[in-house]
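Beneath this line is the structure, given in structure tokens, with notes to follow.
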Amino acid sequence: MNTGLQRPTAFGPVVGAEDASVGGVHSWKGIPYAAAPVGQRRWRAPEDPPAWTQPRAATSFANACVQTGRLYGPGLNNRYDATIGSTLGQTLGSEDCLYLNIWAPTASASTPRPVIVWVHGGSNITGYTADPVYDGAALARATGSVVVSVAYRLGVFGFLDLAPLKTGEAATDSGNFALLDIVKSLEFVQHNIGGFGGDPCRVALMGESAGAVNVYALLTSPMVVSRPTPLFHRLVALSGGISSAATLPPGSFATILPRSVWATRGNALLTHSLLADGVAADRPAAEAHIASRTPQQLAAYLRGLSPDAILTTVLRRLAPLGLSAANPIPDGYVVPADPIAAIRAGRYVKVPVLAGNTRDESKLFPALLATRPAFGGTSGRLLDDAAVFKRVHGYQPDAPPASRIEDWVPAQYLPVDAPTTGLNARIAELDRNWFFAFRDDVLNALKSRQPDVWHYRFDWDELPPPFDKVYGAAHSFDLPFIFGNFGTSLYSSISFNRANKAGRLDLSAKMIQSIGSFAQDGDPNSPSLGSAWPAWPRSLVFDSSLEAARLGVE
């Protein structure tokens, strides 16, 4: 271990390493910020990790949180690799996963550096900090910031509302264990980041997709709002929202569902676990069993189940019932009943907010076109996840095999630019009812209370054909540009080639500098943009040609 990179934490010393991929950066990976939430700690608020006295090696990522294998999760080795294609639907990861990672520039600084805390997305059911897109080294070096990425409990381990688990303690009883994990990581940052060169008074909390939902939840959390010392001082929320049906246009998709929905899911998990476990032969027998046991006995039963048994029940029994989702639970203590109403009433953490969206968000989710006739009524993708992974993994964009858009998109959505019926029009309609509906809801609410709200739209679609039309500027496709990571990852091989290198690198540099400026002083305007970035409801459009960045304002 390089003892020159030893740093203190409240729990014990850690020793990092020179970053192998990016020069001028030190990293500390796999630092525990909470005790493993296993056994009696499963479905409880996180606790401090056990202290240690000897220097602890912090040179590799820790376990991914336990999850069902998906395209956006890890392979068998907690990394992006070919095993993702053979582990779809299998249980991966570990409950012992509450760790964070830190990257910091090696150059000395006269003052503490701003801090960027990253909360990954993945529908709150998948994702991992070792995803190569999320590596914080390039972002730390380019912005002069300390970058932190955090893992948090996923799926029913992260969000579960079930009466037998109640303790009388408000945080645990909220069921929002994932949000409590993120709060715990922010407390770690407040107490320890100074030892890594970071400024605990300039923390930018940044999340994407479900990560954005989660950071918006913390922005409005009564528990967080009431704290005497802020946990964060800027918010970056990409492709996410925090709306209930009450504040959205009719027909829009909400990200905050009534608590009764989550109670139904919790009860279903208990009932179907008893059925899957053979404890009960049918539903009436399961209900009789539940009625005959104390809450303590039922809680002990659930805590005694293996993660694989729990996730198998979710996948095979709850998912067909539409009860497998995971999102913040509006309990009133960790998450308010109506976050948008809380913002409009001024009951939120008032910090500068930078939001972003991609132009074609739902091209990552074309199967959702099947949910309504107005969207087309059938899936917009011909391939399942296994087939998608087989085609994108190892794809050679500079010597591509023959690939036609007809291999990916059903004929009814072709040509993609056909008015009304084409894929682009159908995706735009889906987005109006989903991503853009809750974008407008939360940003308009914020703008009613404060002036410092900004938004960008990511339009880059210079992918090699046919992926420029299949995916375009899809959900999450802005993240390699924000992190400066164009190496091997899920969609990198179909996105980045020699022809688009100059333009995307120029665009990435401008996006990174804007994030850096926002982390520094709460304003994304940067001289590198070459023009002013006006506040919401205007949006800065990030795009490029093959040769250079192309920015505009709408």
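In the structure tokens, chains take letters A, B, ... by order of appearance, with residues numbered from 1 within each chain and ligands from 1 in the order shown.
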Next item on the list: Find the residues near Thr53 of chain A: any atom within 9 Å, counting only C-alpha atoms, skip ones fewer than 4 places away on the same chain, and give them as a list in words.
Entry: Phe11, Gly12 and Pro13 of chain A
For the selection you just gave me, I'd like the residues written to a file as an mmCIF file, in the first residue's frame, keeping N, CA and C atoms.
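To be explicit, this is the file written out as result21.cif:
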```cif
data_model
loop_
_atom_site.group_PDB
_atom_site.id
_atom_site.type_symbol
_atom_site.label_atom_id
_atom_site.label_comp_id
_atom_site.auth_asym_id
_atom_site.auth_seq_id
_atom_site.Cartn_x
_atom_site.Cartn_y
_atom_site.Cartn_z
ATOM 1 N N PHE A 11 -13.964 6.419 11.031
ATOM 2 C CA PHE A 11 -14.045 5.008 11.387
ATOM 3 C C PHE A 11 -12.695 4.314 11.331
ATOM 4 N N GLY A 12 -11.716 4.929 10.667
ATOM 5 C CA GLY A 12 -10.396 4.349 10.567
ATOM 6 C C GLY A 12 -9.683 4.862 9.331
ATOM 7 N N PRO A 13 -8.361 4.647 9.238
ATOM 8 C CA PRO A 13 -7.599 5.157 8.091
ATOM 9 C C PRO A 13 -7.790 4.299 6.845
#
```
Next item on the list: Find the residues around Leu529 of chain A up to 8 Å (only C-alpha atoms counted), leave out those fewer than 2 positions away in its own chain, and share them as a VMD selection string.
Entry: chain A and resid 510 514 525 to 527 531 to 532 551
Next item on the list: With a distance cut-off of 8 Å and only C-alpha atoms, select the neighbouring residues of Lys469 of chain A, excluding the residue or stretch itself and same-chain residues fewer than 4 positions from it, and output the selection as a PyMOL selection string.
Entry: chain A and resi 405+416+465
Serialized selection, C-alpha atoms, as a PDB file, in the first residue's frame:
```pdb
ATOM      1  CA  ILE A 405     -32.825  -0.485 -38.608  1.00  0.00           C
ATOM      2  CA  VAL A 416     -38.679   6.609 -37.939  1.00  0.00           C
ATOM      3  CA  PRO A 465     -26.151   4.092 -38.377  1.00  0.00           C
TER       4      PRO A 465
END
```
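We find atom CA of Asn101 of chain A and atom CA of Val148 of chain A to be spaced 5.4 Å apart.
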Taking only C-alpha atoms into account, produce a table as JSON lines in which each residue of segment 217-328 of chain A with an atom at most 12 Å from an atom of segment 72-90 of chain A appears once, together with its shortest atom pair and the distance in Å to one decimal, ordered by chain and rising number.
```
{"residue": "A:Pro307", "atom": "CA", "partner": "A:Gln90", "partner_atom": "CA", "distance": 11.2}
{"residue": "A:Asp308", "atom": "CA", "partner": "A:Gln90", "partner_atom": "CA", "distance": 8.3}
{"residue": "A:Ala309", "atom": "CA", "partner": "A:Gln90", "partner_atom": "CA", "distance": 11.0}
{"residue": "A:Ile310", "atom": "CA", "partner": "A:Gln90", "partner_atom": "CA", "distance": 11.9}
{"residue": "A:Leu311", "atom": "CA", "partner": "A:Gln90", "partner_atom": "CA", "distance": 8.8}
{"residue": "A:Thr312", "atom": "CA", "partner": "A:Gln90", "partner_atom": "CA", "distance": 8.4}
{"residue": "A:Thr313", "atom": "CA", "partner": "A:Gly89", "partner_atom": "CA", "distance": 11.9}
{"residue": "A:Val314", "atom": "CA", "partner": "A:Gly89", "partner_atom": "CA", "distance": 11.1}
{"residue": "A:Leu315", "atom": "CA", "partner": "A:Gly89", "partner_atom": "CA", "distance": 8.0}
{"residue": "A:Arg316", "atom": "CA", "partner": "A:Gly89", "partner_atom": "CA", "distance": 10.0}
```
Generate the output file for the selected residues, C-alpha atoms, as a PDB file, in the first residue's frame.
```
ATOM      1  CA  PRO A 307     -31.597 -12.472  -1.005  1.00  0.00           C
ATOM      2  CA  ASP A 308     -32.041 -14.900  -3.898  1.00  0.00           C
ATOM      3  CA  ALA A 309     -35.322 -16.204  -2.480  1.00  0.00           C
ATOM      4  CA  ILE A 310     -36.625 -12.670  -2.042  1.00  0.00           C
ATOM      5  CA  LEU A 311     -35.625 -11.491  -5.515  1.00  0.00           C
ATOM      6  CA  THR A 312     -36.955 -14.652  -7.123  1.00  0.00           C
ATOM      7  CA  THR A 313     -40.318 -13.995  -5.481  1.00  0.00           C
ATOM      8  CA  VAL A 314     -40.256 -10.419  -6.758  1.00  0.00           C
ATOM      9  CA  LEU A 315     -39.304 -11.492 -10.277  1.00  0.00           C
ATOM     10  CA  ARG A 316     -41.629 -14.474 -10.684  1.00  0.00           C
TER      11      ARG A 316
END
```
Tell me which protein, DNA and RNA residues are within 9 Å of His120 of chain A, counting only C-alpha atoms, leaving out same-chain ones fewer than 2 positions away, and put them as a PDB file with C-alpha atoms, in the first residue's frame.
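Contents of the output file part-v5.pdb:
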```pdb
ATOM      1  CA  TRP A 118     -22.903  10.876  -7.576  1.00  0.00           C
ATOM      2  CA  GLY A 122     -31.237   2.088 -12.685  1.00  0.00           C
ATOM      3  CA  ASN A 124     -33.934   1.844  -8.155  1.00  0.00           C
ATOM      4  CA  GLY A 127     -26.935  -0.319 -11.047  1.00  0.00           C
ATOM      5  CA  TYR A 128     -23.450  -0.310  -9.527  1.00  0.00           C
ATOM      6  CA  THR A 129     -20.727   2.232  -8.806  1.00  0.00           C
ATOM      7  CA  TYR A 134     -19.403   6.385 -13.583  1.00  0.00           C
ATOM      8  CA  SER A 149     -19.905   7.853  -5.874  1.00  0.00           C
ATOM      9  CA  VAL A 150     -22.182   6.003  -3.471  1.00  0.00           C
ATOM     10  CA  ALA A 151     -23.935   2.657  -3.497  1.00  0.00           C
ATOM     11  CA  MET A 206     -25.928  14.742  -8.481  1.00  0.00           C
ATOM     12  CA  GLY A 207     -28.181  11.912  -9.628  1.00  0.00           C
ATOM     13  CA  GLU A 208     -29.532  10.573 -12.908  1.00  0.00           C
ATOM     14  CA  SER A 209     -32.779   8.752 -13.670  1.00  0.00           C
ATOM     15  CA  ALA A 210     -33.764   6.964 -10.437  1.00  0.00           C
ATOM     16  CA  GLY A 211     -30.788   8.726  -8.890  1.00  0.00           C
ATOM     17  CA  ALA A 212     -32.399  12.043  -9.840  1.00  0.00           C
TER      18      ALA A 212
END
```
